[in-house]
Amino acid sequence: MKHRIVVLGAGYAGAFAAGNLARRLSPADVEITVVNAVPDFVERMRLHQLAIGQDLAVRKLADVFAGTGVRLRLARVTGVDPEHRTVAVTGEDGDGELAYDTLLYTLGSSVAHHGIPGVAEYAFDVTGRSSALRLRERLAGLGEGGTVLVVGEGLTGIETATEFAESRSDLSVALAARGELGAWLSPRARRHLRRAFDRLGITVHEHTSIEAVEPARAIAADDMSVPADVTVWAAGFAVHPIAAAAGLEVAETGQIVVDRTMRSVSHPDVYAAGDCAYAIGDNGRPLPMSCGSAGYTNMQATAAIIARLTGSEVPTTGLKYYGNHISLGKRDAIFQMVDGEVRSKSWYLGGRMAARLKSGVLRGAGWSIAHPTFGMPKRRRRLVTAPDRSGVRAAA
């Protein structure tokens, strides 16, 4: 009787974790299934580039997992029943259930509307491939002098605004920031950021809270009207309510509360990694939703799953947030280191060197996903016990 591992989501965390589990566990003992709504791996960190018209390499998940033993189920997750260890899905093959012995939940996050009127109806975002392609089509139809407003001064907002302004100099690009632009950066990095915005001609509306979005403008808290043929919403992320609805213990954010090994504190058969995990870092603070956090948490989750299934001591991998790496178009970037209290250090790397480093990080992440069998050991580890399914209803 094989141990059934089901991985929900094939983003950076899920795809890498599935490959890692397949590399290190014997196929004689485990059955690994990945559930994903779309057939391609989505490079979320580059979706703002896709939106502005750049073509990204398409990596079919069927090709990624070919020869690994990982089963791919193209379907959307509609529910989780942790008491009976089943996952409800719907897809082209209809509705169904998947049974699991161990569940790795990596469904990620999507754009957070924050209940702002008009965001869902009129704003665009770059948190998914379909939404980025919808934005791409809209931007392609904008003529010279078209106005684009990016809402949000975080990494996604900054990267989106700078990429758009560099690629489409014929457009008028603006960014709305609730506070000071780059306030979380060191003084030198902040000056670098402002120089980049000035060079690219991006208008910045600081201390501006957008309270409503309309088809051709956004309305700020002081009734100021900001013209926008296109509004791009980059004001935070939210997780899907599936975990909360399933009865898993979640934080106020809806993220699954996990222990140091990424194991659900309420359901020991469930692990979480990436944006959907409420994980406490080595500094005692919750890890931010980021690609870096996805890497740390998926490595810890897979290490814990493998150790517990094979009777080994569970190792602890580092959960340290080192800093922010922000692209400012193709040839400029900022790499800002932070200390243990997540305060920016005085030192930062900027310019072409930082841009090349960021490009290398993106290429490396894509390559590791596309080559899950790289370094496959000749002998993979065997499980010590068969799964206990007593009292658990089998999937229909």
# chains A, B, ... in the order shown; residues from 1 in each chain; ligands from 1

call {"tool": "residues_around", "arguments": {"residues": "region 139-156 of chain A", "least_positions_apart": "3", "cutoff": "7 Å", "atoms": "only C-alpha atoms", "output": "number ranges by chain"}}
result
A: 135-136, 159-161, 170-177, 181, 227-235, 326

call {"tool": "closest_atom_pairs", "arguments": {"of": "region 190-301 of chain A", "to": "region 109-113 of chain A", "cutoff": "9 Å", "atoms": "only C-alpha atoms", "output": "CSV"}}
result
residue,atom,partner,partner_atom,distance
A:Trp233,CA,A:Val111,CA,7.6
A:Ala234,CA,A:Val111,CA,7.2
A:Ala235,CA,A:Ala112,CA,6.9
A:Gly236,CA,A:Ala112,CA,5.4
A:Phe237,CA,A:Ala112,CA,4.6
A:Ala238,CA,A:Ala112,CA,4.8
A:Val239,CA,A:Ser109,CA,4.4
A:His240,CA,A:Ser109,CA,6.7
A:Gly274,CA,A:Ser109,CA,8.7
A:Asp275,CA,A:Ser109,CA,5.9
A:Cys276,CA,A:Ser109,CA,6.6
A:Met289,CA,A:Ser109,CA,8.4

call {"tool": "residues_around", "arguments": {"residues": "Leu309 (chain A)", "least_positions_apart": "3", "cutoff": "9 Å", "atoms": "only C-alpha atoms", "output": "count of residues only"}}
result
9

call {"tool": "atom_distance", "arguments": {"atom1": "CA of Asp125 (chain A)", "atom2": "CA of Glu214 (chain A)"}}
result
15.0 Å

call {"tool": "closest_atom_pairs", "arguments": {"of": "region 294-321 of chain A", "to": "region 13-24 of chain A", "cutoff": "9 Å", "atoms": "only C-alpha atoms", "output": "Markdown table"}}
result
| residue | atom | partner | partner_atom | distance |
| --- | --- | --- | --- | --- |
| A:Ala294 | CA | A:Ala13 | CA | 5.2 |
| A:Gly295 | CA | A:Ala13 | CA | 6.2 |
| A:Tyr296 | CA | A:Ala13 | CA | 8.9 |
| A:Thr297 | CA | A:Ala13 | CA | 7.8 |
| A:Asn298 | CA | A:Ala13 | CA | 5.4 |
| A:Met299 | CA | A:Ala17 | CA | 7.0 |
| A:Ala301 | CA | A:Ala17 | CA | 8.1 |
| A:Thr302 | CA | A:Ala17 | CA | 6.1 |
| A:Ala303 | CA | A:Leu21 | CA | 8.6 |
| A:Ile305 | CA | A:Leu21 | CA | 8.5 |
| A:Ile306 | CA | A:Leu21 | CA | 7.3 |

call {"tool": "closest_atom_pairs", "arguments": {"of": "region 315-363 of chain A", "to": "region 277-283 of chain A", "cutoff": "7 Å", "atoms": "only C-alpha atoms", "output": "tab-separated table"}}
result
residue	atom	partner	partner_atom	distance
A:Leu319	CA	A:Gly281	CA	4.9
A:Lys320	CA	A:Asp282	CA	5.5
A:Gly340	CA	A:Asn283	CA	5.7
A:Glu341	CA	A:Asn283	CA	6.7

call {"tool": "write_last_selection", "arguments": {"atoms": "N, CA and C atoms", "output": "mmCIF file, in the first residue's frame"}}
result
data_model
loop_
_atom_site.group_PDB
_atom_site.id
_atom_site.type_symbol
_atom_site.label_atom_id
_atom_site.label_comp_id
_atom_site.auth_asym_id
_atom_site.auth_seq_id
_atom_site.Cartn_x
_atom_site.Cartn_y
_atom_site.Cartn_z
ATOM 1 N N LEU A 319 15.009 29.875 7.948
ATOM 2 C CA LEU A 319 13.826 30.664 7.594
ATOM 3 C C LEU A 319 14.149 32.138 7.826
ATOM 4 N N LYS A 320 15.187 32.581 7.161
ATOM 5 C CA LYS A 320 15.653 33.952 7.340
ATOM 6 C C LYS A 320 15.329 34.777 6.101
ATOM 7 N N GLY A 340 18.096 41.425 11.223
ATOM 8 C CA GLY A 340 17.205 40.479 11.872
ATOM 9 C C GLY A 340 15.862 41.047 12.256
ATOM 10 N N GLU A 341 15.757 42.360 12.343
ATOM 11 C CA GLU A 341 14.492 43.022 12.659
ATOM 12 C C GLU A 341 13.792 43.525 11.405
#

call {"tool": "select_by_dssp", "arguments": {"residues": "region 262-369 of chain A", "states": "strand (DSSP E or B)", "output": "list in words"}}
result
Arg263, Ser264, Val270, Tyr271, Ala272, Ala277, Tyr278, Ile280, Pro286, Gly323, Asn324, His325, Ile326, Ser327, Ala333, Ile334, Phe335, Gln336, Met337, Val338, Ser344, Lys345, Ser346, Trp347, Tyr348, Leu349 and Gly350 of chain A

call {"tool": "residues_around", "arguments": {"residues": "Ala243 (chain A)", "least_positions_apart": "2", "cutoff": "9 Å", "atoms": "only C-alpha atoms", "output": "list in words"}}
result
Gly79, Val80, Tyr105, Val239, His240, Pro241, Ala245, Ala246, Gly247, Leu248, Glu249, Val250, Gly254, Gln255, Ile256 and Cys276 of chain A

call {"tool": "select_by_dssp", "arguments": {"residues": "region 39-279 of chain A", "states": "alpha helix (DSSP H)", "output": "ChimeraX atom specification"}}
result
/A:47-51,61-64,119-122,129-140,155-167,187-200,242-245

call {"tool": "closest_residue", "arguments": {"among": "A:Ser344, A:Glu166, A:Ala307, A:Gly115", "to": "Ala183 (chain A)", "atoms": "only C-alpha atoms"}}
result
A:Ser344

call {"tool": "atom_distance", "arguments": {"atom1": "CA of Gly118 (chain A)", "atom2": "CA of Pro215 (chain A)"}}
result
8.3 Å

call {"tool": "decode", "arguments": {"residues": "region 282-320 of chain A", "atoms": "C-alpha atoms", "output": "mmCIF file, in the first residue's frame"}}
result
data_model
loop_
_atom_site.group_PDB
_atom_site.id
_atom_site.type_symbol
_atom_site.label_atom_id
_atom_site.label_comp_id
_atom_site.auth_asym_id
_atom_site.auth_seq_id
_atom_site.Cartn_x
_atom_site.Cartn_y
_atom_site.Cartn_z
ATOM 1 C CA ASP A 282 14.057 32.832 12.478
ATOM 2 C CA ASN A 283 13.597 36.431 13.631
ATOM 3 C CA GLY A 284 10.288 35.638 15.326
ATOM 4 C CA ARG A 285 8.231 37.482 12.723
ATOM 5 C CA PRO A 286 5.818 36.036 10.144
ATOM 6 C CA LEU A 287 7.524 35.475 6.810
ATOM 7 C CA PRO A 288 6.232 37.858 4.119
ATOM 8 C CA MET A 289 4.451 36.593 1.036
ATOM 9 C CA SER A 290 7.325 36.378 -1.431
ATOM 10 C CA CYS A 291 9.176 34.029 -3.742
ATOM 11 C CA GLY A 292 12.013 33.866 -1.237
ATOM 12 C CA SER A 293 9.633 32.711 1.496
ATOM 13 C CA ALA A 294 8.187 30.127 -0.892
ATOM 14 C CA GLY A 295 11.673 28.689 -1.342
ATOM 15 C CA TYR A 296 12.473 28.506 2.380
ATOM 16 C CA THR A 297 9.105 27.066 3.398
ATOM 17 C CA ASN A 298 8.893 24.450 0.643
ATOM 18 C CA MET A 299 12.393 23.198 1.471
ATOM 19 C CA GLN A 300 11.446 22.908 5.140
ATOM 20 C CA ALA A 301 8.123 21.207 4.352
ATOM 21 C CA THR A 302 9.630 18.626 2.007
ATOM 22 C CA ALA A 303 12.503 17.919 4.417
ATOM 23 C CA ALA A 304 10.008 17.343 7.242
ATOM 24 C CA ILE A 305 7.741 15.099 5.153
ATOM 25 C CA ILE A 306 10.662 12.974 3.977
ATOM 26 C CA ALA A 307 12.146 12.672 7.461
ATOM 27 C CA ARG A 308 8.898 11.656 9.133
ATOM 28 C CA LEU A 309 8.036 9.116 6.439
ATOM 29 C CA THR A 310 11.495 7.535 6.495
ATOM 30 C CA GLY A 311 11.967 7.542 10.262
ATOM 31 C CA SER A 312 14.712 10.158 10.306
ATOM 32 C CA GLU A 313 15.243 13.156 12.539
ATOM 33 C CA VAL A 314 13.413 16.169 11.158
ATOM 34 C CA PRO A 315 15.969 18.797 10.113
ATOM 35 C CA THR A 316 15.369 22.523 10.341
ATOM 36 C CA THR A 317 16.191 24.644 7.331
ATOM 37 C CA GLY A 318 16.839 28.367 7.559
ATOM 38 C CA LEU A 319 13.826 30.664 7.594
ATOM 39 C CA LYS A 320 15.653 33.952 7.340
#
